[in-house]
file data.cif (mmCIF, C-alpha atoms)
data_entry
#
loop_
_atom_site.label_atom_id
_atom_site.label_comp_id
_atom_site.auth_asym_id
_atom_site.auth_seq_id
_atom_site.Cartn_x
_atom_site.Cartn_y
_atom_site.Cartn_z
CA MET A 1 -10.22 -5.58 -15.66
CA GLN A 2 -7.64 -3.30 -17.19
CA ILE A 3 -5.59 -0.58 -15.56
CA PRO A 4 -5.60 2.48 -17.81
CA GLY A 5 -2.20 4.00 -18.58
CA GLY A 6 1.13 2.82 -17.26
CA HIS A 7 1.01 0.52 -14.29
CA GLU A 8 4.49 -0.84 -14.07
CA LEU A 9 6.06 -0.38 -10.67
CA ILE A 10 9.34 1.44 -10.13
CA ALA A 11 11.71 0.50 -7.30
CA VAL A 12 12.40 3.74 -5.42
CA GLY A 13 14.61 1.97 -2.89
CA LEU A 14 15.85 -1.30 -1.46
CA ILE A 15 15.92 -2.91 1.98
CA HIS A 16 19.19 -3.96 3.59
CA SER A 17 18.48 -6.32 6.48
CA SER A 18 19.98 -9.12 8.53
CA LEU A 19 16.90 -11.17 7.52
CA LYS A 20 18.10 -13.04 4.45
CA GLN A 21 15.28 -15.51 3.76
CA ARG A 22 11.50 -15.65 4.08
CA ALA A 23 11.84 -18.50 6.59
CA ASP A 24 13.84 -16.18 8.89
CA ALA A 25 11.31 -13.36 8.88
CA PRO A 26 8.71 -12.83 11.61
CA ARG A 27 5.15 -12.60 10.30
CA GLN A 28 4.67 -9.02 11.47
CA GLY A 29 7.02 -6.21 12.40
CA ASN A 30 5.93 -6.26 16.04
CA GLU A 31 6.79 -9.95 16.39
CA GLY A 32 10.49 -9.46 17.01
CA ALA A 33 11.59 -7.91 13.71
CA PRO A 34 14.96 -6.17 13.68
CA GLY A 35 15.88 -2.72 12.46
CA ALA A 36 16.90 -2.30 8.85
CA ARG A 37 18.45 0.22 6.51
CA VAL A 38 16.53 1.50 3.51
CA GLU A 39 18.58 2.69 0.54
CA ILE A 40 16.81 5.25 -1.64
CA ASP A 41 17.59 5.41 -5.35
CA PRO A 42 19.46 8.70 -6.04
CA ALA A 43 16.73 9.59 -8.55
CA TYR A 44 14.19 9.79 -5.71
CA VAL A 45 16.12 11.26 -2.75
CA GLN A 46 14.31 14.59 -3.19
CA CYS A 47 11.07 12.78 -2.31
CA LEU A 48 12.38 12.40 1.27
CA ASP A 49 12.53 16.15 1.96
CA GLY A 50 10.43 16.81 5.03
CA LEU A 51 11.01 13.48 6.75
CA ALA A 52 12.98 13.51 10.02
CA PRO A 53 14.14 11.08 12.70
CA GLY A 54 11.28 10.12 15.00
CA ASP A 55 8.69 10.20 12.21
CA GLU A 56 6.38 7.26 11.80
CA ILE A 57 6.04 6.16 8.19
CA VAL A 58 4.46 3.38 6.17
CA LEU A 59 6.88 1.60 3.85
CA LEU A 60 5.26 -0.06 0.86
CA THR A 61 7.29 -3.00 -0.40
CA TRP A 62 7.03 -5.45 -3.28
CA PHE A 63 7.38 -9.04 -2.05
CA HIS A 64 9.48 -10.11 -5.00
CA GLU A 65 9.57 -13.76 -3.85
CA ALA A 66 5.79 -14.07 -3.47
CA GLN A 67 3.49 -16.36 -5.47
CA ARG A 68 0.95 -14.22 -7.30
CA ASP A 69 -1.48 -17.03 -8.19
CA VAL A 70 -2.44 -17.85 -4.59
CA LEU A 71 -6.07 -16.90 -3.80
CA LYS A 72 -6.52 -18.63 -0.41
CA VAL A 73 -4.15 -19.53 2.41
CA HIS A 74 -4.13 -21.04 5.87
CA PRO A 75 -3.55 -17.90 7.97
CA ARG A 76 -0.11 -17.74 9.54
CA ASN A 77 0.74 -20.83 7.48
CA ASP A 78 -0.90 -22.99 10.16
CA PRO A 79 -2.97 -25.86 8.67
CA ARG A 80 -5.28 -25.72 11.71
CA ASN A 81 -6.52 -22.34 10.46
CA PRO A 82 -9.23 -22.77 7.78
CA LEU A 83 -8.46 -21.73 4.20
CA THR A 84 -9.12 -18.00 3.95
CA GLY A 85 -9.13 -15.55 1.04
CA VAL A 86 -5.85 -13.64 0.87
CA PHE A 87 -7.71 -10.29 1.07
CA ALA A 88 -8.76 -11.30 4.60
CA THR A 89 -5.13 -12.02 5.54
CA ARG A 90 -1.71 -10.36 5.45
CA SER A 91 -0.17 -13.24 3.45
CA PRO A 92 2.69 -12.09 1.19
CA ASP A 93 1.34 -14.48 -1.46
CA ARG A 94 -1.45 -12.53 -3.24
CA PRO A 95 -2.25 -11.15 -6.73
CA ASN A 96 -0.25 -7.94 -6.18
CA PRO A 97 2.27 -8.80 -3.45
CA ILE A 98 2.51 -5.39 -1.80
CA GLY A 99 3.57 -5.17 1.84
CA LEU A 100 2.65 -2.43 4.32
CA HIS A 101 5.13 -1.84 7.13
CA ARG A 102 4.65 0.80 9.79
CA VAL A 103 8.09 1.78 11.05
CA THR A 104 9.83 4.57 12.96
CA VAL A 105 12.63 6.55 11.29
CA LEU A 106 15.68 6.31 13.57
CA ALA A 107 18.13 8.26 11.39
CA ILE A 108 18.57 9.67 7.90
CA VAL A 109 22.17 9.26 6.76
CA ASP A 110 23.70 11.20 3.84
CA GLN A 111 20.14 12.19 2.77
CA ARG A 112 19.55 8.80 1.17
CA TRP A 113 19.75 6.08 3.82
CA LEU A 114 16.88 5.60 6.24
CA ASP A 115 17.47 3.57 9.39
CA VAL A 116 14.09 2.23 10.51
CA GLU A 117 12.57 -0.28 12.93
CA PRO A 118 10.93 -2.74 13.23
CA LEU A 119 10.94 -4.29 9.75
CA GLU A 120 10.10 -7.90 8.94
CA ALA A 121 10.79 -7.69 5.18
CA ILE A 122 13.87 -9.54 3.94
CA ASP A 123 17.14 -8.21 2.54
CA GLY A 124 16.81 -7.11 -1.07
CA THR A 125 13.07 -6.35 -0.94
CA PRO A 126 12.24 -3.40 -3.22
CA ILE A 127 10.58 -0.30 -1.75
CA ILE A 128 7.83 1.08 -3.98
CA ASP A 129 6.47 3.93 -1.85
CA ILE A 130 6.81 5.74 1.48
CA LYS A 131 3.96 7.58 3.20
CA PRO A 132 3.70 9.51 6.45
CA VAL A 133 1.39 8.09 9.10
CA LEU A 134 -1.42 10.61 9.44
CA ALA A 135 -2.32 11.95 12.85
CA THR A 136 -5.93 11.00 12.23
CA SER A 137 -4.73 7.50 11.22
CA ASN A 138 -7.86 7.21 9.16
CA ASP A 139 -6.34 6.08 5.90
CA SER A 140 -3.52 3.74 6.74
CA MET B 1 17.18 0.05 -9.22
CA GLN B 2 15.48 -2.92 -10.79
CA ILE B 3 12.61 -5.00 -9.47
CA PRO B 4 13.40 -8.69 -10.00
CA GLY B 5 10.69 -10.77 -11.68
CA GLY B 6 7.26 -9.58 -12.74
CA HIS B 7 6.19 -6.26 -11.32
CA GLU B 8 3.24 -5.31 -13.43
CA LEU B 9 0.13 -4.58 -11.40
CA ILE B 10 -3.16 -6.39 -11.90
CA ALA B 11 -6.49 -4.66 -11.26
CA VAL B 12 -8.39 -6.94 -8.88
CA GLY B 13 -11.35 -4.57 -8.73
CA LEU B 14 -12.77 -1.17 -9.54
CA ILE B 15 -14.36 1.66 -7.55
CA HIS B 16 -17.86 2.89 -8.34
CA SER B 17 -18.41 6.27 -6.69
CA SER B 18 -20.42 9.47 -6.98
CA LEU B 19 -17.03 11.28 -7.04
CA LYS B 20 -16.32 11.64 -10.74
CA GLN B 21 -13.27 13.93 -10.86
CA ARG B 22 -10.16 14.59 -8.77
CA ALA B 23 -11.41 18.15 -8.16
CA ASP B 24 -14.52 16.71 -6.45
CA ALA B 25 -12.64 14.43 -4.09
CA PRO B 26 -11.86 15.32 -0.48
CA ARG B 27 -8.16 14.99 0.38
CA GLN B 28 -8.72 12.24 2.94
CA GLY B 29 -11.53 9.78 3.61
CA ASN B 30 -12.40 11.41 6.94
CA GLU B 31 -12.91 14.80 5.31
CA GLY B 32 -16.44 14.20 4.12
CA ALA B 33 -15.90 11.35 1.67
CA PRO B 34 -18.99 9.39 0.65
CA GLY B 35 -19.55 5.65 0.63
CA ALA B 36 -18.70 3.73 -2.49
CA ARG B 37 -19.14 0.33 -4.07
CA VAL B 38 -16.13 -1.82 -4.92
CA GLU B 39 -16.56 -4.30 -7.76
CA ILE B 40 -14.23 -7.32 -7.54
CA ASP B 41 -13.08 -9.01 -10.73
CA PRO B 42 -14.71 -12.49 -10.89
CA ALA B 43 -11.20 -13.99 -11.11
CA TYR B 44 -10.46 -12.76 -7.58
CA VAL B 45 -13.75 -13.14 -5.66
CA GLN B 46 -12.34 -16.15 -3.78
CA CYS B 47 -9.80 -13.81 -2.22
CA LEU B 48 -12.67 -12.17 -0.25
CA ASP B 49 -13.56 -15.34 1.69
CA GLY B 50 -13.34 -14.49 5.37
CA LEU B 51 -14.33 -10.82 5.09
CA ALA B 52 -17.64 -9.78 6.65
CA PRO B 53 -19.72 -6.63 7.17
CA GLY B 54 -18.29 -4.52 9.98
CA ASP B 55 -14.69 -5.42 9.15
CA GLU B 56 -12.17 -2.63 8.80
CA ILE B 57 -9.95 -3.05 5.76
CA VAL B 58 -7.29 -1.13 3.88
CA LEU B 59 -8.01 -0.71 0.18
CA LEU B 60 -4.94 -0.19 -1.98
CA THR B 61 -5.74 1.76 -5.13
CA TRP B 62 -3.81 2.88 -8.18
CA PHE B 63 -4.33 6.60 -8.83
CA HIS B 64 -4.54 6.16 -12.59
CA GLU B 65 -4.79 9.94 -13.20
CA ALA B 66 -1.68 10.80 -11.14
CA GLN B 67 1.53 12.34 -12.45
CA ARG B 68 4.40 9.96 -11.76
CA ASP B 69 7.24 12.44 -12.35
CA VAL B 70 6.37 14.73 -9.42
CA LEU B 71 9.00 14.57 -6.64
CA LYS B 72 7.89 17.52 -4.48
CA VAL B 73 4.55 19.21 -3.84
CA HIS B 74 2.98 21.97 -1.78
CA PRO B 75 1.08 19.87 0.81
CA ARG B 76 -2.69 19.97 0.37
CA ASN B 77 -2.04 21.87 -2.85
CA ASP B 78 -1.72 25.08 -0.84
CA PRO B 79 1.12 27.33 -2.10
CA ARG B 80 1.59 28.68 1.45
CA ASN B 81 2.90 25.25 2.45
CA PRO B 82 6.60 24.86 1.54
CA LEU B 83 7.61 22.41 -1.18
CA THR B 84 7.89 18.98 0.44
CA GLY B 85 9.07 15.60 -0.83
CA VAL B 86 6.13 13.42 -1.84
CA PHE B 87 7.26 10.66 0.56
CA ALA B 88 6.51 13.08 3.41
CA THR B 89 3.00 13.72 2.05
CA ARG B 90 -0.08 11.81 0.94
CA SER B 91 -0.09 13.44 -2.51
CA PRO B 92 -1.55 11.17 -5.21
CA ASP B 93 1.20 12.46 -7.53
CA ARG B 94 4.26 10.28 -6.75
CA PRO B 95 6.53 7.73 -8.50
CA ASN B 96 4.18 4.80 -7.79
CA PRO B 97 0.75 6.39 -7.28
CA ILE B 98 -0.66 3.91 -4.78
CA GLY B 99 -3.40 5.04 -2.42
CA LEU B 100 -4.17 3.63 1.04
CA HIS B 101 -7.76 3.93 2.22
CA ARG B 102 -8.96 2.64 5.56
CA VAL B 103 -12.66 1.86 5.21
CA THR B 104 -15.41 -0.11 6.91
CA VAL B 105 -17.21 -2.90 5.04
CA LEU B 106 -20.94 -2.13 5.18
CA ALA B 107 -22.17 -5.03 3.05
CA ILE B 108 -20.97 -7.74 0.69
CA VAL B 109 -23.47 -8.23 -2.14
CA ASP B 110 -23.55 -11.32 -4.38
CA GLN B 111 -20.08 -12.26 -3.06
CA ARG B 112 -18.38 -9.73 -5.33
CA TRP B 113 -19.55 -6.22 -4.47
CA LEU B 114 -18.24 -4.51 -1.35
CA ASP B 115 -20.10 -1.48 -0.02
CA VAL B 116 -17.60 0.57 1.98
CA GLU B 117 -17.21 3.97 3.62
CA PRO B 118 -15.69 6.53 3.67
CA LEU B 119 -13.78 6.54 0.39
CA GLU B 120 -12.26 9.62 -1.26
CA ALA B 121 -11.01 7.87 -4.43
CA ILE B 122 -12.83 8.71 -7.65
CA ASP B 123 -15.09 6.58 -9.83
CA GLY B 124 -13.15 4.17 -12.01
CA THR B 125 -10.07 3.96 -9.75
CA PRO B 126 -8.54 0.45 -9.92
CA ILE B 127 -8.20 -1.60 -6.74
CA ILE B 128 -4.87 -3.44 -6.53
CA ASP B 129 -5.09 -5.04 -3.08
CA ILE B 130 -7.23 -5.40 0.03
CA LYS B 131 -5.86 -6.08 3.51
CA PRO B 132 -7.46 -6.52 6.91
CA VAL B 133 -6.64 -3.90 9.54
CA LEU B 134 -4.66 -5.75 12.21
CA ALA B 135 -5.76 -5.54 15.83
CA THR B 136 -2.23 -4.52 16.75
CA SER B 137 -2.34 -1.83 14.03
CA ASN B 138 1.41 -2.07 13.90
CA ASP B 139 1.87 -2.48 10.18
CA SER B 140 -0.72 -0.32 8.53
#

call {"tool": "encode", "arguments": {"input": "data.cif", "output": "structure tokens"}}
result
Amino acid sequence: MQIPGGHELIAVGLIHSSLKQRADAPRQGNEGAPGARVEIDPAYVQCLDGLAPGDEIVLLTWFHEAQRDVLKVHPRNDPRNPLTGVFATRSPDRPNPIGLHRVTVLAIVDQRWLDVEPLEAIDGTPIIDIKPVLATSNDS
Amino acid sequence: MQIPGGHELIAVGLIHSSLKQRADAPRQGNEGAPGARVEIDPAYVQCLDGLAPGDEIVLLTWFHEAQRDVLKVHPRNDPRNPLTGVFATRSPDRPNPIGLHRVTVLAIVDQRWLDVEPLEAIDGTPIIDIKPVLATSNDS
């Protein structure tokens, strides 16, 4: 299947975190992940207008260290769990390794740094999109 | 900012819907969107193993008709709403036009067609990822 038009991703930001390697990272944000700082590319700082501390947002990341040819995994990397299609799991290894991270905005510094928590993605992970959590929570 | 390694998206599936144009589509799935059928590329059908009717999933789509150079919009396309950064809105026009759609799986037909509802994305929209909704709902 082809994607019509341009479909190359742009990094709109970057994660700065004390988590330096995949092995250090909890599997989900609510499993003891630390806070992190998100640096927004100056070209996209205008896109933040309207966000404020206290907001809940969904960060979309690109797991740049993921393997894109993995179709099935043992969930939570535990061999006792039967092999499962990656679309039925949150494995970072998948055809398009996009991560969804629901976080709270703690502070916005100099209009281009977002302090957020909790975030299980590692240092250096590119941010590809940011979305508000909708009150109806029907589409996140 | 650069994304290290490959960052070109793959279409893993395609939406078949009675919604043929952006003007026809409701703004969110819970605003009267119909059901739709998702066709999975045969190369990725294995990734579905473990999904079953009744499951809640998040479809990630690529809004192939979006404008990628839009940084601010009037929310809900209503000029009475002040210009707002796209990261504080769910506008399809954004640097990486990825859509998040929380839907229920109604049926899985021939192991490669997913009937889902509700879905506000238009006919022909590429699917780039599918994720289960987590019970903790902390990262969607």

call {"tool": "calpha_fit_and_write", "arguments": {"input": "data.cif", "fixed": "chain B", "moving": "chain A", "output": "PDB file with C-alpha atoms, in the frame of the given file"}}
result
ATOM      1  CA  MET A   1      17.204   0.009  -9.211  1.00  0.00           C
ATOM      2  CA  GLN A   2      15.491  -2.963 -10.770  1.00  0.00           C
ATOM      3  CA  ILE A   3      12.614  -5.023  -9.452  1.00  0.00           C
ATOM      4  CA  PRO A   4      13.401  -8.703  -9.968  1.00  0.00           C
ATOM      5  CA  GLY A   5      10.690 -10.773 -11.649  1.00  0.00           C
ATOM      6  CA  GLY A   6       7.300  -9.546 -12.756  1.00  0.00           C
ATOM      7  CA  HIS A   7       6.182  -6.258 -11.318  1.00  0.00           C
ATOM      8  CA  GLU A   8       3.230  -5.320 -13.420  1.00  0.00           C
ATOM      9  CA  LEU A   9       0.137  -4.565 -11.395  1.00  0.00           C
ATOM     10  CA  ILE A  10      -3.156  -6.375 -11.887  1.00  0.00           C
ATOM     11  CA  ALA A  11      -6.499  -4.660 -11.257  1.00  0.00           C
ATOM     12  CA  VAL A  12      -8.388  -6.942  -8.863  1.00  0.00           C
ATOM     13  CA  GLY A  13     -11.351  -4.572  -8.714  1.00  0.00           C
ATOM     14  CA  LEU A  14     -12.765  -1.164  -9.526  1.00  0.00           C
ATOM     15  CA  ILE A  15     -14.357   1.661  -7.546  1.00  0.00           C
ATOM     16  CA  HIS A  16     -17.854   2.891  -8.348  1.00  0.00           C
ATOM     17  CA  SER A  17     -18.419   6.268  -6.702  1.00  0.00           C
ATOM     18  CA  SER A  18     -20.417   9.465  -6.979  1.00  0.00           C
ATOM     19  CA  LEU A  19     -17.037  11.275  -7.040  1.00  0.00           C
ATOM     20  CA  LYS A  20     -16.334  11.626 -10.747  1.00  0.00           C
ATOM     21  CA  GLN A  21     -13.289  13.918 -10.857  1.00  0.00           C
ATOM     22  CA  ARG A  22     -10.181  14.594  -8.786  1.00  0.00           C
ATOM     23  CA  ALA A  23     -11.405  18.149  -8.150  1.00  0.00           C
ATOM     24  CA  ASP A  24     -14.528  16.725  -6.450  1.00  0.00           C
ATOM     25  CA  ALA A  25     -12.660  14.434  -4.080  1.00  0.00           C
ATOM     26  CA  PRO A  26     -11.840  15.325  -0.470  1.00  0.00           C
ATOM     27  CA  ARG A  27      -8.152  14.993   0.381  1.00  0.00           C
ATOM     28  CA  GLN A  28      -8.719  12.250   2.944  1.00  0.00           C
ATOM     29  CA  GLY A  29     -11.516   9.796   3.608  1.00  0.00           C
ATOM     30  CA  ASN A  30     -12.384  11.408   6.938  1.00  0.00           C
ATOM     31  CA  GLU A  31     -12.887  14.813   5.315  1.00  0.00           C
ATOM     32  CA  GLY A  32     -16.433  14.200   4.148  1.00  0.00           C
ATOM     33  CA  ALA A  33     -15.910  11.355   1.671  1.00  0.00           C
ATOM     34  CA  PRO A  34     -18.989   9.382   0.662  1.00  0.00           C
ATOM     35  CA  GLY A  35     -19.557   5.652   0.633  1.00  0.00           C
ATOM     36  CA  ALA A  36     -18.686   3.722  -2.492  1.00  0.00           C
ATOM     37  CA  ARG A  37     -19.136   0.325  -4.068  1.00  0.00           C
ATOM     38  CA  VAL A  38     -16.134  -1.818  -4.919  1.00  0.00           C
ATOM     39  CA  GLU A  39     -16.553  -4.310  -7.757  1.00  0.00           C
ATOM     40  CA  ILE A  40     -14.230  -7.310  -7.541  1.00  0.00           C
ATOM     41  CA  ASP A  41     -13.074  -9.015 -10.728  1.00  0.00           C
ATOM     42  CA  PRO A  42     -14.706 -12.495 -10.884  1.00  0.00           C
ATOM     43  CA  ALA A  43     -11.207 -13.997 -11.109  1.00  0.00           C
ATOM     44  CA  TYR A  44     -10.457 -12.769  -7.575  1.00  0.00           C
ATOM     45  CA  VAL A  45     -13.754 -13.149  -5.668  1.00  0.00           C
ATOM     46  CA  GLN A  46     -12.348 -16.155  -3.786  1.00  0.00           C
ATOM     47  CA  CYS A  47      -9.797 -13.795  -2.214  1.00  0.00           C
ATOM     48  CA  LEU A  48     -12.663 -12.174  -0.255  1.00  0.00           C
ATOM     49  CA  ASP A  49     -13.553 -15.333   1.692  1.00  0.00           C
ATOM     50  CA  GLY A  50     -13.347 -14.482   5.366  1.00  0.00           C
ATOM     51  CA  LEU A  51     -14.330 -10.830   5.082  1.00  0.00           C
ATOM     52  CA  ALA A  52     -17.655  -9.779   6.637  1.00  0.00           C
ATOM     53  CA  PRO A  53     -19.716  -6.631   7.162  1.00  0.00           C
ATOM     54  CA  GLY A  54     -18.293  -4.524   9.978  1.00  0.00           C
ATOM     55  CA  ASP A  55     -14.685  -5.415   9.146  1.00  0.00           C
ATOM     56  CA  GLU A  56     -12.167  -2.642   8.811  1.00  0.00           C
ATOM     57  CA  ILE A  57      -9.956  -3.035   5.759  1.00  0.00           C
ATOM     58  CA  VAL A  58      -7.282  -1.127   3.883  1.00  0.00           C
ATOM     59  CA  LEU A  59      -8.012  -0.697   0.183  1.00  0.00           C
ATOM     60  CA  LEU A  60      -4.946  -0.191  -1.976  1.00  0.00           C
ATOM     61  CA  THR A  61      -5.739   1.761  -5.125  1.00  0.00           C
ATOM     62  CA  TRP A  62      -3.810   2.879  -8.190  1.00  0.00           C
ATOM     63  CA  PHE A  63      -4.323   6.599  -8.841  1.00  0.00           C
ATOM     64  CA  HIS A  64      -4.543   6.168 -12.586  1.00  0.00           C
ATOM     65  CA  GLU A  65      -4.786   9.940 -13.192  1.00  0.00           C
ATOM     66  CA  ALA A  66      -1.689  10.795 -11.142  1.00  0.00           C
ATOM     67  CA  GLN A  67       1.540  12.344 -12.450  1.00  0.00           C
ATOM     68  CA  ARG A  68       4.397   9.952 -11.749  1.00  0.00           C
ATOM     69  CA  ASP A  69       7.243  12.430 -12.342  1.00  0.00           C
ATOM     70  CA  VAL A  70       6.370  14.713  -9.413  1.00  0.00           C
ATOM     71  CA  LEU A  71       8.994  14.566  -6.621  1.00  0.00           C
ATOM     72  CA  LYS A  72       7.887  17.538  -4.469  1.00  0.00           C
ATOM     73  CA  VAL A  73       4.546  19.213  -3.830  1.00  0.00           C
ATOM     74  CA  HIS A  74       2.975  21.960  -1.771  1.00  0.00           C
ATOM     75  CA  PRO A  75       1.082  19.868   0.807  1.00  0.00           C
ATOM     76  CA  ARG A  76      -2.676  19.961   0.371  1.00  0.00           C
ATOM     77  CA  ASN A  77      -2.039  21.864  -2.868  1.00  0.00           C
ATOM     78  CA  ASP A  78      -1.720  25.079  -0.842  1.00  0.00           C
ATOM     79  CA  PRO A  79       1.121  27.333  -2.102  1.00  0.00           C
ATOM     80  CA  ARG A  80       1.581  28.670   1.448  1.00  0.00           C
ATOM     81  CA  ASN A  81       2.893  25.233   2.442  1.00  0.00           C
ATOM     82  CA  PRO A  82       6.606  24.863   1.552  1.00  0.00           C
ATOM     83  CA  LEU A  83       7.608  22.409  -1.179  1.00  0.00           C
ATOM     84  CA  THR A  84       7.885  18.985   0.437  1.00  0.00           C
ATOM     85  CA  GLY A  85       9.069  15.599  -0.830  1.00  0.00           C
ATOM     86  CA  VAL A  86       6.119  13.425  -1.834  1.00  0.00           C
ATOM     87  CA  PHE A  87       7.246  10.660   0.575  1.00  0.00           C
ATOM     88  CA  ALA A  88       6.506  13.099   3.419  1.00  0.00           C
ATOM     89  CA  THR A  89       2.996  13.723   2.053  1.00  0.00           C
ATOM     90  CA  ARG A  90      -0.087  11.793   0.942  1.00  0.00           C
ATOM     91  CA  SER A  91      -0.096  13.451  -2.510  1.00  0.00           C
ATOM     92  CA  PRO A  92      -1.560  11.187  -5.220  1.00  0.00           C
ATOM     93  CA  ASP A  93       1.186  12.463  -7.541  1.00  0.00           C
ATOM     94  CA  ARG A  94       4.254  10.292  -6.752  1.00  0.00           C
ATOM     95  CA  PRO A  95       6.525   7.738  -8.499  1.00  0.00           C
ATOM     96  CA  ASN A  96       4.173   4.809  -7.795  1.00  0.00           C
ATOM     97  CA  PRO A  97       0.743   6.395  -7.284  1.00  0.00           C
ATOM     98  CA  ILE A  98      -0.664   3.916  -4.777  1.00  0.00           C
ATOM     99  CA  GLY A  99      -3.411   5.043  -2.409  1.00  0.00           C
ATOM    100  CA  LEU A 100      -4.158   3.633   1.050  1.00  0.00           C
ATOM    101  CA  HIS A 101      -7.755   3.934   2.218  1.00  0.00           C
ATOM    102  CA  ARG A 102      -8.959   2.639   5.557  1.00  0.00           C
ATOM    103  CA  VAL A 103     -12.655   1.862   5.207  1.00  0.00           C
ATOM    104  CA  THR A 104     -15.413  -0.116   6.922  1.00  0.00           C
ATOM    105  CA  VAL A 105     -17.211  -2.895   5.027  1.00  0.00           C
ATOM    106  CA  LEU A 106     -20.943  -2.112   5.174  1.00  0.00           C
ATOM    107  CA  ALA A 107     -22.183  -5.027   3.048  1.00  0.00           C
ATOM    108  CA  ILE A 108     -20.982  -7.746   0.697  1.00  0.00           C
ATOM    109  CA  VAL A 109     -23.467  -8.227  -2.136  1.00  0.00           C
ATOM    110  CA  ASP A 110     -23.547 -11.324  -4.379  1.00  0.00           C
ATOM    111  CA  GLN A 111     -20.062 -12.254  -3.041  1.00  0.00           C
ATOM    112  CA  ARG A 112     -18.381  -9.734  -5.327  1.00  0.00           C
ATOM    113  CA  TRP A 113     -19.568  -6.227  -4.463  1.00  0.00           C
ATOM    114  CA  LEU A 114     -18.250  -4.509  -1.359  1.00  0.00           C
ATOM    115  CA  ASP A 115     -20.098  -1.475  -0.029  1.00  0.00           C
ATOM    116  CA  VAL A 116     -17.598   0.568   1.984  1.00  0.00           C
ATOM    117  CA  GLU A 117     -17.215   3.985   3.611  1.00  0.00           C
ATOM    118  CA  PRO A 118     -15.679   6.528   3.681  1.00  0.00           C
ATOM    119  CA  LEU A 119     -13.784   6.558   0.376  1.00  0.00           C
ATOM    120  CA  GLU A 120     -12.257   9.619  -1.264  1.00  0.00           C
ATOM    121  CA  ALA A 121     -11.003   7.858  -4.424  1.00  0.00           C
ATOM    122  CA  ILE A 122     -12.830   8.708  -7.647  1.00  0.00           C
ATOM    123  CA  ASP A 123     -15.095   6.575  -9.825  1.00  0.00           C
ATOM    124  CA  GLY A 124     -13.138   4.177 -12.009  1.00  0.00           C
ATOM    125  CA  THR A 125     -10.070   3.954  -9.747  1.00  0.00           C
ATOM    126  CA  PRO A 126      -8.550   0.454  -9.921  1.00  0.00           C
ATOM    127  CA  ILE A 127      -8.198  -1.602  -6.731  1.00  0.00           C
ATOM    128  CA  ILE A 128      -4.877  -3.437  -6.536  1.00  0.00           C
ATOM    129  CA  ASP A 129      -5.083  -5.036  -3.085  1.00  0.00           C
ATOM    130  CA  ILE A 130      -7.234  -5.401   0.033  1.00  0.00           C
ATOM    131  CA  LYS A 131      -5.842  -6.077   3.508  1.00  0.00           C
ATOM    132  CA  PRO A 132      -7.450  -6.516   6.911  1.00  0.00           C
ATOM    133  CA  VAL A 133      -6.623  -3.913   9.540  1.00  0.00           C
ATOM    134  CA  LEU A 134      -4.655  -5.760  12.200  1.00  0.00           C
ATOM    135  CA  ALA A 135      -5.726  -5.527  15.810  1.00  0.00           C
ATOM    136  CA  THR A 136      -2.207  -4.504  16.751  1.00  0.00           C
ATOM    137  CA  SER A 137      -2.347  -1.851  13.985  1.00  0.00           C
ATOM    138  CA  ASN A 138       1.403  -2.055  13.838  1.00  0.00           C
ATOM    139  CA  ASP A 139       1.843  -2.489  10.118  1.00  0.00           C
ATOM    140  CA  SER A 140      -0.741  -0.338   8.435  1.00  0.00           C
TER     141      SER A 140
END

call {"tool": "interface_residues", "arguments": {"input": "data.cif", "of": "chain A", "to": "chain B", "cutoff": "7 Å", "atoms": "only C-alpha atoms", "output": "PyMOL selection string"}}
result
chain A and resi 1-5+7-11+29-30+41+46-51+58+64+71-72+84-90+96+100-102+126+128-132+138-140

call {"tool": "resolve_selection", "arguments": {"input": "data.cif", "expression": "the PyMOL selection byres ((chain B and resi 122) around 9)", "output": "list in words"}}
result
Ile15, His16, Ser17, Ser18, Leu19, Lys20, Gln21, Arg22, Asp24, Ala25, Phe63, Leu119, Glu120, Ala121, Asp123, Gly124 and Thr125 of chain B

call {"tool": "resolve_selection", "arguments": {"input": "data.cif", "expression": "the PyMOL selection byres ((chain B and resi 106) around 12)", "output": "number ranges by chain"}}
result
B: 35-38, 51-57, 103-105, 107-109, 113-118

call {"tool": "atom_distance", "arguments": {"input": "data.cif", "atom1": "CA of Asp78 in chain A", "atom2": "CA of Thr61 in chain A"}}
result
24.0 Å

call {"tool": "atom_distance", "arguments": {"input": "data.cif", "atom1": "CA of Gly32 in chain B", "atom2": "CA of Ala66 in chain B"}}
result
21.5 Å

call {"tool": "build_atoms", "arguments": {"input": "data.cif", "residues": "range 73-77 of chain B", "atoms": "N, CA, C and O atoms", "output": "PDB file, in the coordinates of the input"}}
result
ATOM      1  N   VAL B  73       5.836  18.516  -3.703  1.00  0.00           N
ATOM      2  CA  VAL B  73       4.550  19.210  -3.840  1.00  0.00           C
ATOM      3  C   VAL B  73       4.387  20.214  -2.700  1.00  0.00           C
ATOM      4  O   VAL B  73       5.077  20.132  -1.674  1.00  0.00           O
ATOM      5  N   HIS B  74       3.453  21.146  -2.888  1.00  0.00           N
ATOM      6  CA  HIS B  74       2.980  21.970  -1.780  1.00  0.00           C
ATOM      7  C   HIS B  74       1.867  21.164  -1.089  1.00  0.00           C
ATOM      8  O   HIS B  74       0.823  20.914  -1.704  1.00  0.00           O
ATOM      9  N   PRO B  75       2.090  20.723   0.164  1.00  0.00           N
ATOM     10  CA  PRO B  75       1.080  19.870   0.810  1.00  0.00           C
ATOM     11  C   PRO B  75      -0.316  20.480   0.752  1.00  0.00           C
ATOM     12  O   PRO B  75      -0.494  21.687   0.893  1.00  0.00           O
ATOM     13  N   ARG B  76      -1.284  19.615   0.527  1.00  0.00           N
ATOM     14  CA  ARG B  76      -2.690  19.970   0.370  1.00  0.00           C
ATOM     15  C   ARG B  76      -2.906  20.965  -0.765  1.00  0.00           C
ATOM     16  O   ARG B  76      -3.896  21.673  -0.800  1.00  0.00           O
ATOM     17  N   ASN B  77      -1.946  21.007  -1.678  1.00  0.00           N
ATOM     18  CA  ASN B  77      -2.040  21.870  -2.850  1.00  0.00           C
ATOM     19  C   ASN B  77      -2.196  23.342  -2.473  1.00  0.00           C
ATOM     20  O   ASN B  77      -2.808  24.122  -3.208  1.00  0.00           O
TER      21      ASN B  77
END
